[in-house]
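Structure file target.txt (compact mmCIF, C-alpha atoms and all ligand atoms) is printed below.
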# COMPACT_ATOMS: atom_id res chain seq x y z
CA MET A 1 9.34 -12.35 18.47
CA GLU A 2 7.48 -14.04 15.62
CA LYS A 3 6.08 -11.84 12.83
CA LYS A 4 2.53 -12.57 14.01
CA GLU A 5 3.29 -11.37 17.54
CA CYS A 6 5.05 -8.23 16.24
CA LEU A 7 1.97 -7.41 14.16
CA GLU A 8 -0.29 -7.95 17.19
CA GLU A 9 1.86 -5.55 19.24
CA LEU A 10 1.68 -2.94 16.50
CA LYS A 11 -2.06 -3.44 16.12
CA LYS A 12 -2.61 -2.63 19.82
CA LYS A 13 -0.69 0.60 19.36
CA VAL A 14 -2.62 1.60 16.22
CA GLU A 15 -5.98 0.88 17.88
CA ASN A 16 -5.33 3.77 20.26
CA CYS A 17 -4.05 6.15 17.58
CA ARG A 18 -5.48 9.65 17.30
CA ASN A 19 -2.66 11.09 15.18
CA CYS A 20 -5.06 12.55 12.64
CA SER A 21 -8.66 13.72 12.69
CA LEU A 22 -9.96 10.39 11.31
CA GLY A 23 -9.33 8.95 14.77
CA ARG A 24 -12.34 10.91 16.04
CA SER A 25 -14.88 9.70 13.47
CA ARG A 26 -13.93 6.05 13.04
CA LYS A 27 -15.86 3.18 14.54
CA TYR A 28 -13.00 0.68 14.26
CA VAL A 29 -9.38 0.90 13.24
CA VAL A 30 -8.85 -1.37 10.23
CA PHE A 31 -5.32 -2.55 10.86
CA GLY A 32 -5.06 -5.28 8.21
CA GLU A 33 -5.18 -9.05 8.28
CA GLY A 34 -3.93 -12.21 6.69
CA ASN A 35 -0.86 -14.39 6.67
CA SER A 36 2.04 -12.68 8.44
CA GLU A 37 4.45 -15.05 6.63
CA SER A 38 3.06 -14.23 3.19
CA LYS A 39 5.44 -13.08 0.46
CA ILE A 40 2.64 -10.99 -1.08
CA VAL A 41 1.00 -7.99 0.56
CA PHE A 42 -1.99 -6.22 -1.01
CA VAL A 43 -2.27 -2.55 -0.12
CA GLY A 44 -5.47 -0.58 -0.62
CA GLU A 45 -6.37 3.02 0.03
CA ALA A 46 -8.53 3.29 3.16
CA PRO A 47 -11.44 1.57 4.92
CA GLY A 48 -14.93 2.26 3.58
CA TYR A 49 -18.26 2.15 5.43
CA TYR A 50 -18.45 -1.64 5.84
CA GLU A 51 -14.79 -2.00 6.80
CA ASP A 52 -15.25 0.69 9.46
CA GLN A 53 -18.25 -1.20 10.88
CA VAL A 54 -16.35 -4.44 11.45
CA GLY A 55 -12.66 -3.46 11.58
CA LYS A 56 -11.61 -5.66 8.63
CA PRO A 57 -10.22 -4.67 5.23
CA PHE A 58 -12.14 -5.24 2.00
CA VAL A 59 -15.42 -6.65 3.30
CA GLY A 60 -17.94 -4.87 1.03
CA GLN A 61 -18.68 -5.53 -2.64
CA ALA A 62 -15.11 -4.57 -3.57
CA GLY A 63 -13.89 -7.12 -1.03
CA LYS A 64 -16.03 -9.83 -2.61
CA LEU A 65 -14.53 -9.03 -6.00
CA LEU A 66 -11.05 -9.15 -4.50
CA ASP A 67 -11.83 -12.59 -3.02
CA THR A 68 -12.95 -13.82 -6.46
CA LEU A 69 -9.89 -12.40 -8.21
CA LEU A 70 -7.61 -14.03 -5.62
CA ALA A 71 -9.43 -17.36 -5.92
CA ASP A 72 -9.10 -17.22 -9.74
CA ILE A 73 -5.31 -17.35 -9.39
CA GLY A 74 -5.20 -19.86 -6.57
CA LEU A 75 -4.79 -17.39 -3.70
CA SER A 76 -7.01 -16.58 -0.75
CA ARG A 77 -7.29 -14.01 1.99
CA SER A 78 -5.60 -16.38 4.39
CA SER A 79 -2.65 -16.96 2.06
CA VAL A 80 -1.79 -13.26 1.57
CA TYR A 81 -1.75 -10.16 3.77
CA ILE A 82 -4.14 -7.25 3.11
CA ALA A 83 -3.80 -3.73 4.52
CA ASN A 84 -4.55 -0.12 3.64
CA ILE A 85 -2.56 3.10 3.59
CA LEU A 86 -5.04 4.67 6.03
CA LYS A 87 -6.24 2.65 9.00
CA CYS A 88 -9.36 4.77 9.64
CA ARG A 89 -12.22 5.64 7.32
CA PRO A 90 -12.38 9.09 5.71
CA LEU A 91 -16.04 10.13 6.12
CA GLY A 92 -18.08 9.93 2.93
CA ASN A 93 -15.32 7.78 1.43
CA ARG A 94 -13.56 10.91 0.22
CA ASP A 95 -9.96 10.75 -1.02
CA PRO A 96 -7.29 10.62 1.69
CA LEU A 97 -5.69 13.98 2.51
CA PRO A 98 -1.89 14.33 2.33
CA GLU A 99 -1.68 15.01 6.08
CA GLU A 100 -3.67 11.83 6.80
CA ILE A 101 -1.35 9.78 4.58
CA ASN A 102 1.70 11.31 6.27
CA ALA A 103 0.27 10.55 9.72
CA CYS A 104 -0.74 6.97 8.96
CA LYS A 105 1.80 5.66 6.44
CA PRO A 106 4.46 4.89 9.10
CA TYR A 107 2.16 2.13 10.42
CA LEU A 108 2.02 0.49 7.00
CA MET A 109 5.79 0.84 6.66
CA GLU A 110 6.15 -0.90 10.02
CA GLN A 111 3.83 -3.70 8.87
CA LEU A 112 5.93 -4.15 5.72
CA LYS A 113 9.14 -4.14 7.76
CA ILE A 114 7.76 -6.95 9.90
CA ILE A 115 6.29 -9.06 7.07
CA GLN A 116 9.10 -8.40 4.56
CA PRO A 117 7.11 -9.37 1.46
CA SER A 118 8.87 -9.94 -1.82
CA LEU A 119 5.96 -8.33 -3.71
CA ILE A 120 3.53 -5.54 -2.91
CA CYS A 121 0.34 -5.38 -4.98
CA THR A 122 -1.08 -1.89 -4.79
CA LEU A 123 -4.82 -1.49 -5.27
CA GLY A 124 -5.65 1.87 -6.79
CA ARG A 125 -3.87 5.13 -7.45
CA PHE A 126 -3.39 6.35 -3.88
CA ALA A 127 -1.79 3.12 -2.73
CA LEU A 128 0.51 3.12 -5.77
CA ILE A 129 1.68 6.70 -5.28
CA SER A 130 2.09 6.27 -1.53
CA ILE A 131 4.18 3.12 -1.83
CA CYS A 132 6.31 4.47 -4.70
CA ASN A 133 6.68 7.78 -2.87
CA LYS A 134 6.39 9.66 -6.16
CA SER A 135 3.86 10.47 -8.84
CA VAL A 136 3.17 7.43 -11.04
CA SER A 137 0.37 6.98 -13.56
CA ILE A 138 -1.64 3.84 -12.76
CA THR A 139 -2.89 3.79 -16.36
CA ALA A 140 0.70 3.45 -17.55
CA VAL A 141 1.95 0.85 -15.08
CA HIS A 142 -0.97 -1.36 -14.01
CA GLY A 143 -0.33 -5.02 -14.64
CA LYS A 144 3.46 -4.51 -14.88
CA LEU A 145 6.10 -5.38 -12.34
CA ILE A 146 7.89 -2.20 -11.29
CA GLN A 147 10.45 -1.33 -8.64
CA ALA A 148 10.41 1.70 -6.39
CA GLU A 149 11.94 2.49 -3.03
CA THR A 150 13.03 -0.98 -1.88
CA TYR A 151 10.07 -2.93 -3.25
CA ASN A 152 8.91 -5.02 -6.15
CA ILE A 153 5.49 -3.55 -6.86
CA PHE A 154 2.65 -4.86 -8.98
CA PRO A 155 0.12 -2.05 -9.51
CA LEU A 156 -3.53 -3.01 -9.87
CA TYR A 157 -6.70 -0.98 -10.26
CA HIS A 158 -8.83 -0.73 -7.12
CA PRO A 159 -11.59 -3.39 -7.14
CA ALA A 160 -14.14 -0.69 -6.20
CA ALA A 161 -13.32 1.18 -9.43
CA ALA A 162 -13.52 -2.05 -11.41
CA LEU A 163 -17.03 -2.69 -10.04
CA HIS A 164 -18.30 0.48 -11.71
CA GLN A 165 -16.40 0.36 -15.00
CA PRO A 166 -16.59 -2.77 -17.18
CA THR A 167 -13.34 -1.85 -18.98
CA LEU A 168 -11.49 -1.70 -15.67
CA LEU A 169 -13.01 -5.03 -14.65
CA LYS A 170 -11.60 -6.66 -17.80
CA SER A 171 -8.29 -4.96 -17.13
CA ILE A 172 -8.05 -6.08 -13.50
CA LYS A 173 -8.87 -9.67 -14.50
CA ARG A 174 -6.07 -9.59 -17.07
CA ASP A 175 -3.70 -8.10 -14.51
CA PHE A 176 -4.49 -10.82 -11.98
CA ALA A 177 -3.75 -13.43 -14.66
CA GLU A 178 -0.38 -11.71 -15.18
CA LEU A 179 0.15 -11.68 -11.41
CA LYS A 180 -0.26 -15.46 -11.41
CA GLU A 181 2.60 -15.70 -13.92
CA ILE A 182 4.79 -13.31 -11.97
CA ILE A 183 4.46 -15.08 -8.63
CA SER A 184 5.26 -18.42 -10.25
CA LYS A 185 8.82 -17.17 -10.92
CA PRO A 186 11.53 -15.85 -8.58
CA MET A 187 11.21 -12.14 -7.86
CA PRO A 188 13.87 -9.90 -9.41
CA LYS A 189 16.44 -8.40 -7.08
CA ILE A 190 15.79 -4.79 -6.16
CA LYS A 191 18.02 -2.44 -8.14
CA PRO A 192 18.96 0.66 -6.15
CA GLU A 193 17.35 3.78 -7.60
CA PRO A 194 19.96 6.13 -9.10
CA LYS A 195 20.68 8.88 -6.63
CA THR A 196 21.63 12.40 -7.68
CA GLU A 197 25.20 12.93 -6.67
CA ILE A 198 25.64 15.88 -4.35
CA LYS A 199 28.96 17.55 -5.09
CA ILE A 200 30.70 19.13 -2.13
CA PRO A 201 32.43 22.34 -3.26
CA GLU A 202 36.12 22.59 -2.66
CA LYS A 203 37.19 24.84 0.20
CA THR A 204 36.49 28.50 -0.47
CA ASN A 205 36.83 31.45 1.81
CA VAL A 206 33.73 33.28 3.05
CA GLN A 207 34.01 36.10 0.50
CA GLU A 208 34.17 33.61 -2.37
CA GLN A 209 31.18 31.76 -0.93
CA MET A 210 29.14 34.98 -0.80
CA LYS A 211 29.72 35.50 -4.53
CA LEU A 212 27.86 32.28 -5.14
CA PHE A 213 24.49 33.78 -4.01
S1 LIG B 1 -5.97 7.19 10.13
FE1 LIG B 1 -4.05 6.39 10.93
S2 LIG B 1 -2.99 8.21 11.78
FE2 LIG B 1 -5.18 8.73 11.54
S3 LIG B 1 -6.06 8.24 13.54
FE3 LIG B 1 -6.34 6.44 12.21
S4 LIG B 1 -4.59 5.14 12.69
FE4 LIG B 1 -4.10 7.16 13.45

Take the structure in the file and write it out as structure tokens.
Amino acid sequence: MEKKECLEELKKKVENCRNCSLGRSRKYVVFGEGNSESKIVFVGEAPGYYEDQVGKPFVGQAGKLLDTLLADIGLSRSSVYIANILKCRPLGNRDPLPEEINACKPYLMEQLKIIQPSLICTLGRFALISICNKSVSITAVHGKLIQAETYNIFPLYHPAAALHQPTLLKSIKRDFAELKEIISKPMPKIKPEPKTEIKIPEKTNVQEQMKLF
């Protein structure tokens, strides 16, 4: 099956999802959209009010800013893929809860498995931490190419935050200019993260093993 068809199949499944409580309050599932063949995927946090009304990601003021930032570096919505960690809107636009992220993240992982991007641009803190699967400070890493899990990741501030803070707006513009540079070159190969070696103890009898506790 083509990537586009695989995404359509997955979308049908997600549209019926009630794996967390957000499934009861949503109007529409916001699955994600864009070019299934894109090498760049943008990942945000969760749908807001406007996204929930129409079932599309980044359609409010933050979406307009994202469109402008993309256009500034020669990209467009139709040339990249855009999705969120959560597919349904948390009421009142509150932060996602850990159990909601755990319930919904497998869908994003499946989307990434299908699209196989060479770069993931995270938008905001939640997307960054979820994709890296560990605590990372967005202040420290925004605008820098990092690697975590099996991905090249380019962390960006969330456009909604940039709308309210002029310093973040300047920062996100600079980071998009850096992104333009980065995507003009080949992506670095993913280096495997160092794993802690688990030492298997040599054979001991039960009594010796008990002494270990
Ligand atoms: S947020 Fe995700 S896990 Fe929760 S109901 Fe929506 S699609 Fe399902």

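Between A:Leu145 and the residues A:Leu119, A:Leu70, A:Ala160, A:Ile131, the shortest atom-to-atom distance, using only C-alpha atoms, involves A:Leu119.
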
(request) Point out the residue among A:Pro192, A:Pro106, A:Gly55, A:Gly44 with the least atom-to-atom distance to ligand LIG 1 (chain B), counting all atoms listed in the file. (result) A:Pro106

(message) Restricting the calculation to all atoms listed in the file: of A:Val43, A:Leu10, A:Ile183, A:Ala140, which residue gets closest to ligand LIG 1 (chain B)?
(response) A:Leu10

(request) Dump the neighbourhood of ligand LIG 1 (chain B) as a list of chain:residue names: all residues within 6 Å, distances computed on all atoms listed in the file. (result) A:Val14, A:Cys17, A:Arg18, A:Asn19, A:Cys20, A:Leu22, A:Gly23, A:Leu86, A:Lys87, A:Cys88, A:Glu100, A:Ala103, A:Cys104

(message) Just checking: using only C-alpha atoms, which residue out of A:Ile115, A:Ile172, A:Leu75, A:Leu91 ends up closest to A:Thr139?
(response) A:Ile172

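The spacing separating atom CA of A:Val141 from atom CA of A:Leu163 amounts to 20.0 Å.
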
(request) Please write as a count of residues only the list of polymer residues whose atoms come within 12 Å of (-2.9, -11.9, -10.7), counting all atoms listed in the file and keeping to the coordinates of the file. (result) 40

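Remark: for A:Pro117, the closest of the candidate residues A:Ser21, A:Thr167, A:Thr150, A:Ser78 is A:Thr150 (distances computed over all atoms listed in the file).
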
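Using only C-alpha atoms, the smallest distance between any of A:Ser79, A:Asn84, A:Ser130, A:Asn152 and A:Ala46 comes from A:Asn84.
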
(message) Between atom CA of A:Arg125 and atom CA of A:Glu8, what distance in Å does the model show, to one decimal?
(response) 28.1 Å

(request) Just the residues within 7 Å of stretch 31-33 of chain A, please, counting all atoms listed in the file, with nothing from its chain fewer than 2 positions along; format it as a VMD selection string. (result) chain A and resid 11 29 56 to 57 81 to 84 87

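The two atoms in question, atom CA of A:Glu45 and atom CA of A:Leu128, are spaced 9.0 Å apart.
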
Incomplete stretch 158-173 of chain A filled out to N, CA and C atoms as a short mmCIF file (atom, residue, chain, number, x, y, z; two decimals), in the coordinates of the input:
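Resulting contents of result17.cif:
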data_model
loop_
_atom_site.label_atom_id
_atom_site.label_comp_id
_atom_site.auth_asym_id
_atom_site.auth_seq_id
_atom_site.Cartn_x
_atom_site.Cartn_y
_atom_site.Cartn_z
N HIS A 158 -8.08 -0.42 -8.35
CA HIS A 158 -8.83 -0.73 -7.12
C HIS A 158 -10.09 -1.51 -7.50
N PRO A 159 -10.39 -2.61 -6.79
CA PRO A 159 -11.59 -3.39 -7.14
C PRO A 159 -12.87 -2.56 -7.12
N ALA A 160 -12.93 -1.53 -6.25
CA ALA A 160 -14.14 -0.69 -6.20
C ALA A 160 -14.33 0.04 -7.52
N ALA A 161 -13.24 0.49 -8.13
CA ALA A 161 -13.32 1.18 -9.43
C ALA A 161 -13.74 0.18 -10.50
N ALA A 162 -13.21 -1.03 -10.41
CA ALA A 162 -13.52 -2.05 -11.41
C ALA A 162 -15.00 -2.46 -11.36
N LEU A 163 -15.61 -2.33 -10.17
CA LEU A 163 -17.03 -2.69 -10.04
C LEU A 163 -17.92 -1.77 -10.86
N HIS A 164 -17.47 -0.53 -11.03
CA HIS A 164 -18.30 0.48 -11.71
C HIS A 164 -17.95 0.66 -13.18
N GLN A 165 -16.81 0.14 -13.60
CA GLN A 165 -16.40 0.36 -15.00
C GLN A 165 -16.04 -0.98 -15.65
N PRO A 166 -16.86 -1.47 -16.55
CA PRO A 166 -16.59 -2.77 -17.18
C PRO A 166 -15.20 -2.88 -17.80
N THR A 167 -14.68 -1.76 -18.36
CA THR A 167 -13.34 -1.85 -18.98
C THR A 167 -12.27 -2.11 -17.92
N LEU A 168 -12.45 -1.49 -16.74
CA LEU A 168 -11.49 -1.70 -15.67
C LEU A 168 -11.60 -3.13 -15.12
N LEU A 169 -12.81 -3.66 -15.13
CA LEU A 169 -13.01 -5.03 -14.65
C LEU A 169 -12.24 -6.01 -15.55
N LYS A 170 -12.35 -5.80 -16.86
CA LYS A 170 -11.60 -6.66 -17.80
C LYS A 170 -10.11 -6.51 -17.53
N SER A 171 -9.70 -5.27 -17.35
CA SER A 171 -8.29 -4.96 -17.13
C SER A 171 -7.76 -5.62 -15.86
N ILE A 172 -8.52 -5.52 -14.78
CA ILE A 172 -8.05 -6.08 -13.50
C ILE A 172 -8.00 -7.61 -13.57
N LYS A 173 -8.90 -8.21 -14.33
CA LYS A 173 -8.87 -9.67 -14.50
C LYS A 173 -7.60 -10.09 -15.25
#
